[in-house]
Structures are given as structure tokens and as C-alpha cells.
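> Let me give you the structure first, and then I'll get to my questions.
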Amino acid sequence: MFLGTHTPRLDQKGRLFLPAKYRDELSGGLVVTKGQERCLYVFPTEEFRRITDALASTPVTAKSVRDYSRVLFASASDETCDKQGRVTIPSKLREYAGLERECVVIGANTRLEIWDADAWSEYEAEQEQAFAQLSEEVLPGVL
């Protein structure tokens with residue numbers, strides 16, 4: 001499970017330090033791909049395989065499945081962390097997410113998300129009221 005908010009910087013070679021507490025979980029490899037709201041998703045390879053299997057069981061005749069799969073898989077990149085815990089973010093993905101220097105890495109349960117720091121601040125501010133109101137709908141009877 002990935003939790004928390006971290007603020008690493010992207011270096012000149014397009015590398016980003018992933019939080020040390022997640023390096024063991026990502027040591028078997030990871031997949032970086034486009035996420036919603038112009039962030040990047042980082043999945044451990046095993047979790048990405050689970051998603052792949054789930055999508056493989058959906059009908060190829062469903063246009064939404066085709067559209068989602070095309071974007072998800074076409075933008076996906078297999079990566080590994082180097083010995084210092086850095087992962088290279090491909091230039092097309094950096095461009096998509098608007099990553100330049102200041103980044104935010106958030107834990108999002110089964111994945112990490114990488115955001116441009118300003119974009120994350122804006123998103124978080126916009127979602128604060130909705131977050132307060134959604135608990136009943138998202139987690140009925142839990143909270």
C-alpha cells in the first residue's frame with residue numbers, strides 16, 4: 001500500500017528519487033504511464049500485470065475499453081530504480097504531466113502518482129470541499 005506525500009526534484013537527466021520506503025516494493029520493476037488529471041501513475045510490475053489481466057478479460061468490442069487501453073499501454077514504460085533509488089521518467093511522460101523540476105509523489109493505495117508541484121497544489125485545493133462531501137458516497141457506513 002502506498003501512502004503519503006513526498007516532494008522530490010526531477011534532475012537534469014529526467015530522473016526522480018522515489019521515496020525510500022517504497023523501494024523494496026518497487027525493486028521487482030515498475031511501470032510508469034499516463035494517469036488522469038495530467039499526472040503519472042507508477043505501478044509495481046505485478047500490479048500492472050493485474051490491471052493488464054483485468055483489461056484482457058473485457059470485451060474488445062467495447063469502445064471505452066479500446067480507448068482506455070490504447071492510451072494506457074501506448075504511454076507505458078517499463079522502468080527500474082537505479083542503486084540510488086532514482087527512476088528515469090521518459091520525456092513524453094514528463095511533457096504530458098508538465099514535470100520540470102519541483103514534483104510531488106503521492107501514495108494512492110496500489111500505485112504512486114507523480115505530479116507537477118503546482119498542479120498538485122491546485123488539484124488538492126479544488127478537491128478539498130468535494131473530499132469532505134464524498135466520504136458518505138465513496139465509503140458508506142465506513143467513516
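Starting from 1 in every chain, residues are counted up; chains themselves are A, B, ... following the order of the C-alpha cells, and ligands are numbered from 1 as listed.
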List as a PDB file with N, CA, C and O atoms, in the first residue's frame the protein and nucleic acid residues near range 5-16 of chain A, meaning an atom at most 8 Å away when only C-alpha atoms are counted, but skip any in the same chain fewer than 5 places from it.

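To be explicit, this is the file written out as result_18.pdb:
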```
ATOM      1  N   ARG A  86      16.658   6.198  -7.924  1.00  0.00           N
ATOM      2  CA  ARG A  86      16.091   7.095  -8.925  1.00  0.00           C
ATOM      3  C   ARG A  86      15.465   6.286 -10.053  1.00  0.00           C
ATOM      4  O   ARG A  86      15.947   5.218 -10.408  1.00  0.00           O
ATOM      5  N   VAL A  87      14.412   6.849 -10.611  1.00  0.00           N
ATOM      6  CA  VAL A  87      13.776   6.256 -11.778  1.00  0.00           C
ATOM      7  C   VAL A  87      13.770   7.325 -12.872  1.00  0.00           C
ATOM      8  O   VAL A  87      13.542   8.498 -12.610  1.00  0.00           O
ATOM      9  N   THR A  88      14.063   6.894 -14.092  1.00  0.00           N
ATOM     10  CA  THR A  88      14.034   7.811 -15.230  1.00  0.00           C
ATOM     11  C   THR A  88      12.600   7.923 -15.722  1.00  0.00           C
ATOM     12  O   THR A  88      11.941   6.908 -15.968  1.00  0.00           O
ATOM     13  N   ILE A  89      12.129   9.152 -15.872  1.00  0.00           N
ATOM     14  CA  ILE A  89      10.797   9.403 -16.410  1.00  0.00           C
ATOM     15  C   ILE A  89      10.965   9.765 -17.869  1.00  0.00           C
ATOM     16  O   ILE A  89      11.602  10.776 -18.192  1.00  0.00           O
ATOM     17  N   PRO A  90      10.450   8.959 -18.798  1.00  0.00           N
ATOM     18  CA  PRO A  90      10.610   9.249 -20.224  1.00  0.00           C
ATOM     19  C   PRO A  90      10.104  10.654 -20.578  1.00  0.00           C
ATOM     20  O   PRO A  90       9.138  11.150 -19.987  1.00  0.00           O
ATOM     21  N   SER A  91      10.760  11.275 -21.538  1.00  0.00           N
ATOM     22  CA  SER A  91      10.464  12.665 -21.878  1.00  0.00           C
ATOM     23  C   SER A  91       9.005  12.885 -22.276  1.00  0.00           C
ATOM     24  O   SER A  91       8.409  13.902 -21.907  1.00  0.00           O
ATOM     25  N   ARG A  94       7.101  13.080 -19.077  1.00  0.00           N
ATOM     26  CA  ARG A  94       7.381  14.345 -18.382  1.00  0.00           C
ATOM     27  C   ARG A  94       6.604  15.484 -19.029  1.00  0.00           C
ATOM     28  O   ARG A  94       6.032  16.331 -18.336  1.00  0.00           O
ATOM     29  N   LEU A  99       6.094  18.031 -16.004  1.00  0.00           N
ATOM     30  CA  LEU A  99       7.150  17.929 -14.995  1.00  0.00           C
ATOM     31  C   LEU A  99       8.398  18.653 -15.466  1.00  0.00           C
ATOM     32  O   LEU A  99       8.901  18.385 -16.558  1.00  0.00           O
ATOM     33  N   GLU A 100       8.874  19.553 -14.627  1.00  0.00           N
ATOM     34  CA  GLU A 100      10.118  20.248 -14.945  1.00  0.00           C
ATOM     35  C   GLU A 100      11.137  20.058 -13.830  1.00  0.00           C
ATOM     36  O   GLU A 100      12.180  19.481 -14.043  1.00  0.00           O
ATOM     37  N   ARG A 101      10.856  20.533 -12.650  1.00  0.00           N
ATOM     38  CA  ARG A 101      11.804  20.397 -11.549  1.00  0.00           C
ATOM     39  C   ARG A 101      11.123  19.965 -10.252  1.00  0.00           C
ATOM     40  O   ARG A 101      11.403  18.914  -9.724  1.00  0.00           O
ATOM     41  N   GLU A 102      10.211  20.795  -9.763  1.00  0.00           N
ATOM     42  CA  GLU A 102       9.536  20.529  -8.498  1.00  0.00           C
ATOM     43  C   GLU A 102       8.377  19.561  -8.717  1.00  0.00           C
ATOM     44  O   GLU A 102       7.466  19.845  -9.484  1.00  0.00           O
ATOM     45  N   CYS A 103       8.431  18.429  -8.031  1.00  0.00           N
ATOM     46  CA  CYS A 103       7.418  17.385  -8.206  1.00  0.00           C
ATOM     47  C   CYS A 103       6.821  17.001  -6.861  1.00  0.00           C
ATOM     48  O   CYS A 103       7.389  17.270  -5.813  1.00  0.00           O
ATOM     49  N   VAL A 104       5.700  16.341  -6.933  1.00  0.00           N
ATOM     50  CA  VAL A 104       5.073  15.746  -5.763  1.00  0.00           C
ATOM     51  C   VAL A 104       4.778  14.293  -6.117  1.00  0.00           C
ATOM     52  O   VAL A 104       4.236  14.010  -7.188  1.00  0.00           O
ATOM     53  N   VAL A 105       5.170  13.390  -5.235  1.00  0.00           N
ATOM     54  CA  VAL A 105       4.850  11.974  -5.387  1.00  0.00           C
ATOM     55  C   VAL A 105       3.886  11.635  -4.266  1.00  0.00           C
ATOM     56  O   VAL A 105       4.198  11.837  -3.083  1.00  0.00           O
ATOM     57  N   ILE A 106       2.702  11.167  -4.645  1.00  0.00           N
ATOM     58  CA  ILE A 106       1.716  10.807  -3.629  1.00  0.00           C
ATOM     59  C   ILE A 106       1.456   9.307  -3.657  1.00  0.00           C
ATOM     60  O   ILE A 106       1.511   8.676  -4.716  1.00  0.00           O
ATOM     61  N   GLY A 107       1.179   8.767  -2.493  1.00  0.00           N
ATOM     62  CA  GLY A 107       0.726   7.395  -2.409  1.00  0.00           C
ATOM     63  C   GLY A 107      -0.763   7.360  -2.709  1.00  0.00           C
ATOM     64  O   GLY A 107      -1.514   8.166  -2.173  1.00  0.00           O
ATOM     65  N   ALA A 117       4.439  20.014  -8.984  1.00  0.00           N
ATOM     66  CA  ALA A 117       4.100  20.531  -7.664  1.00  0.00           C
ATOM     67  C   ALA A 117       2.974  21.561  -7.708  1.00  0.00           C
ATOM     68  O   ALA A 117       2.058  21.522  -6.878  1.00  0.00           O
TER      69      ALA A 117
END
```
> Set the distance at 10 Å and use only C-alpha atoms: which residues neighbour Met1 in chain A once local chain neighbours fewer than 6 positions away are removed? I'd like the list as number ranges by chain.
A: 22, 25, 107-112
> Between A:Cys81, A:Leu93, A:Ala132, A:Ile114, which residue has the minimum interatomic distance to Ser27 in chain A, considering only C-alpha atoms?
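Of all the options, A:Cys81 lies closest to Ser27 in chain A.
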> Rounded to one decimal, what separation in Å do you get between CA of Gly85 in chain A and CA of Glu37 in chain A?
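About the pair CA of Gly85 in chain A and CA of Glu37 in chain A: they are 25.9 Å apart.
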> Which distance in Å separates CA of Glu95 in chain A and CA of Asp24 in chain A, to one decimal?
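CA of Asp24 in chain A lies 27.8 Å from CA of Glu95 in chain A.
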> Using only C-alpha atoms, which residues sit within 8 Å of range 70-76 of chain A once same-chain residues fewer than 4 positions away are excluded, as a list in words?
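Surrounding residues, per the criterion: Val31, Val32, Thr33, Lys34, Gly35, Arg66 and Leu93 of chain A.
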> Suppose you want the space between CA of Trp115 in chain A and CA of Phe2 in chain A; what is it in Å?
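Separating CA of Trp115 in chain A from CA of Phe2 in chain A is a distance of 15.2 Å.
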> Pull the strand (DSSP E) assignments for chain A out of DSSP run on the backbone, and list those residues as an MDAnalysis selection string.
chainID A and resid 5:6 15:17 30:34 40:44 77:79 86:88 103:107 112:116
> Keeping only N, CA and C atoms, write the selected residues as a PDB file, in the first residue's frame.

```
ATOM      1  N   THR A   5       2.735  11.870   1.077  1.00  0.00           N
ATOM      2  CA  THR A   5       3.088  12.875   0.086  1.00  0.00           C
ATOM      3  C   THR A   5       4.569  13.180   0.223  1.00  0.00           C
ATOM      4  N   HIS A   6       5.265  13.180  -0.897  1.00  0.00           N
ATOM      5  CA  HIS A   6       6.709  13.391  -0.921  1.00  0.00           C
ATOM      6  C   HIS A   6       7.020  14.440  -1.986  1.00  0.00           C
ATOM      7  N   ARG A  15      15.461  12.194 -14.092  1.00  0.00           N
ATOM      8  CA  ARG A  15      15.352  11.167 -13.058  1.00  0.00           C
ATOM      9  C   ARG A  15      14.736  11.761 -11.802  1.00  0.00           C
ATOM     10  N   LEU A  16      14.057  10.905 -11.076  1.00  0.00           N
ATOM     11  CA  LEU A  16      13.359  11.317  -9.874  1.00  0.00           C
ATOM     12  C   LEU A  16      13.643  10.301  -8.775  1.00  0.00           C
ATOM     13  N   PHE A  17      13.965  10.781  -7.573  1.00  0.00           N
ATOM     14  CA  PHE A  17      14.120   9.879  -6.442  1.00  0.00           C
ATOM     15  C   PHE A  17      12.743   9.448  -5.970  1.00  0.00           C
ATOM     16  N   LEU A  30       8.930  -1.569 -12.251  1.00  0.00           N
ATOM     17  CA  LEU A  30       7.762  -0.710 -12.190  1.00  0.00           C
ATOM     18  C   LEU A  30       7.366  -0.269 -13.579  1.00  0.00           C
ATOM     19  N   VAL A  31       6.143   0.197 -13.677  1.00  0.00           N
ATOM     20  CA  VAL A  31       5.618   0.723 -14.935  1.00  0.00           C
ATOM     21  C   VAL A  31       5.132   2.138 -14.672  1.00  0.00           C
ATOM     22  N   VAL A  32       5.610   3.064 -15.502  1.00  0.00           N
ATOM     23  CA  VAL A  32       5.165   4.457 -15.435  1.00  0.00           C
ATOM     24  C   VAL A  32       4.287   4.687 -16.663  1.00  0.00           C
ATOM     25  N   THR A  33       3.124   5.296 -16.452  1.00  0.00           N
ATOM     26  CA  THR A  33       2.211   5.548 -17.559  1.00  0.00           C
ATOM     27  C   THR A  33       1.383   6.793 -17.273  1.00  0.00           C
ATOM     28  N   LYS A  34       0.662   7.247 -18.282  1.00  0.00           N
ATOM     29  CA  LYS A  34      -0.222   8.390 -18.106  1.00  0.00           C
ATOM     30  C   LYS A  34      -1.316   8.049 -17.107  1.00  0.00           C
ATOM     31  N   LEU A  40       1.175  11.222 -13.548  1.00  0.00           N
ATOM     32  CA  LEU A  40       1.686   9.927 -13.987  1.00  0.00           C
ATOM     33  C   LEU A  40       1.372   8.890 -12.925  1.00  0.00           C
ATOM     34  N   TYR A  41       1.059   7.685 -13.375  1.00  0.00           N
ATOM     35  CA  TYR A  41       0.858   6.569 -12.471  1.00  0.00           C
ATOM     36  C   TYR A  41       2.137   5.735 -12.466  1.00  0.00           C
ATOM     37  N   VAL A  42       2.523   5.273 -11.291  1.00  0.00           N
ATOM     38  CA  VAL A  42       3.657   4.363 -11.133  1.00  0.00           C
ATOM     39  C   VAL A  42       3.127   3.117 -10.446  1.00  0.00           C
ATOM     40  N   PHE A  43       3.165   2.011 -11.158  1.00  0.00           N
ATOM     41  CA  PHE A  43       2.690   0.731 -10.635  1.00  0.00           C
ATOM     42  C   PHE A  43       3.859  -0.227 -10.448  1.00  0.00           C
ATOM     43  N   PRO A  44       3.877  -0.992  -9.354  1.00  0.00           N
ATOM     44  CA  PRO A  44       4.792  -2.133  -9.319  1.00  0.00           C
ATOM     45  C   PRO A  44       4.418  -3.050 -10.493  1.00  0.00           C
ATOM     46  N   SER A  77       5.775   2.652 -19.763  1.00  0.00           N
ATOM     47  CA  SER A  77       7.215   2.421 -19.887  1.00  0.00           C
ATOM     48  C   SER A  77       7.690   1.564 -18.719  1.00  0.00           C
ATOM     49  N   ASP A  78       8.324   0.429 -19.043  1.00  0.00           N
ATOM     50  CA  ASP A  78       8.939  -0.423 -18.014  1.00  0.00           C
ATOM     51  C   ASP A  78      10.199   0.264 -17.517  1.00  0.00           C
ATOM     52  N   GLU A  79      10.334   0.403 -16.221  1.00  0.00           N
ATOM     53  CA  GLU A  79      11.496   1.069 -15.644  1.00  0.00           C
ATOM     54  C   GLU A  79      11.986   0.298 -14.435  1.00  0.00           C
ATOM     55  N   ARG A  86      16.658   6.198  -7.924  1.00  0.00           N
ATOM     56  CA  ARG A  86      16.091   7.095  -8.925  1.00  0.00           C
ATOM     57  C   ARG A  86      15.465   6.286 -10.053  1.00  0.00           C
ATOM     58  N   VAL A  87      14.412   6.849 -10.611  1.00  0.00           N
ATOM     59  CA  VAL A  87      13.776   6.256 -11.778  1.00  0.00           C
ATOM     60  C   VAL A  87      13.770   7.325 -12.872  1.00  0.00           C
ATOM     61  N   THR A  88      14.063   6.894 -14.092  1.00  0.00           N
ATOM     62  CA  THR A  88      14.034   7.811 -15.230  1.00  0.00           C
ATOM     63  C   THR A  88      12.600   7.923 -15.722  1.00  0.00           C
ATOM     64  N   CYS A 103       8.431  18.429  -8.031  1.00  0.00           N
ATOM     65  CA  CYS A 103       7.418  17.385  -8.206  1.00  0.00           C
ATOM     66  C   CYS A 103       6.821  17.001  -6.861  1.00  0.00           C
ATOM     67  N   VAL A 104       5.700  16.341  -6.933  1.00  0.00           N
ATOM     68  CA  VAL A 104       5.073  15.746  -5.763  1.00  0.00           C
ATOM     69  C   VAL A 104       4.778  14.293  -6.117  1.00  0.00           C
ATOM     70  N   VAL A 105       5.170  13.390  -5.235  1.00  0.00           N
ATOM     71  CA  VAL A 105       4.850  11.974  -5.387  1.00  0.00           C
ATOM     72  C   VAL A 105       3.886  11.635  -4.266  1.00  0.00           C
ATOM     73  N   ILE A 106       2.702  11.167  -4.645  1.00  0.00           N
ATOM     74  CA  ILE A 106       1.716  10.807  -3.629  1.00  0.00           C
ATOM     75  C   ILE A 106       1.456   9.307  -3.657  1.00  0.00           C
ATOM     76  N   GLY A 107       1.179   8.767  -2.493  1.00  0.00           N
ATOM     77  CA  GLY A 107       0.726   7.395  -2.409  1.00  0.00           C
ATOM     78  C   GLY A 107      -0.763   7.360  -2.709  1.00  0.00           C
ATOM     79  N   LEU A 112       1.686   4.783  -7.057  1.00  0.00           N
ATOM     80  CA  LEU A 112       2.153   6.128  -6.767  1.00  0.00           C
ATOM     81  C   LEU A 112       1.680   7.024  -7.892  1.00  0.00           C
ATOM     82  N   GLU A 113       1.532   8.299  -7.615  1.00  0.00           N
ATOM     83  CA  GLU A 113       1.251   9.273  -8.655  1.00  0.00           C
ATOM     84  C   GLU A 113       2.326  10.350  -8.589  1.00  0.00           C
ATOM     85  N   ILE A 114       2.775  10.778  -9.762  1.00  0.00           N
ATOM     86  CA  ILE A 114       3.762  11.845  -9.848  1.00  0.00           C
ATOM     87  C   ILE A 114       3.070  13.058 -10.467  1.00  0.00           C
ATOM     88  N   TRP A 115       3.157  14.170  -9.763  1.00  0.00           N
ATOM     89  CA  TRP A 115       2.519  15.417 -10.183  1.00  0.00           C
ATOM     90  C   TRP A 115       3.538  16.536 -10.257  1.00  0.00           C
ATOM     91  N   ASP A 116       3.314  17.488 -11.130  1.00  0.00           N
ATOM     92  CA  ASP A 116       3.999  18.763 -11.056  1.00  0.00           C
ATOM     93  C   ASP A 116       3.533  19.399  -9.743  1.00  0.00           C
TER      94      ASP A 116
END
```
> DSSP on the backbone: what in range 9-142 of chain A comes out helix (DSSP H, G or I), as a PyMOL selection string?
chain A and resi 20-26+36-38+45-56+63-74+91-97+117-138
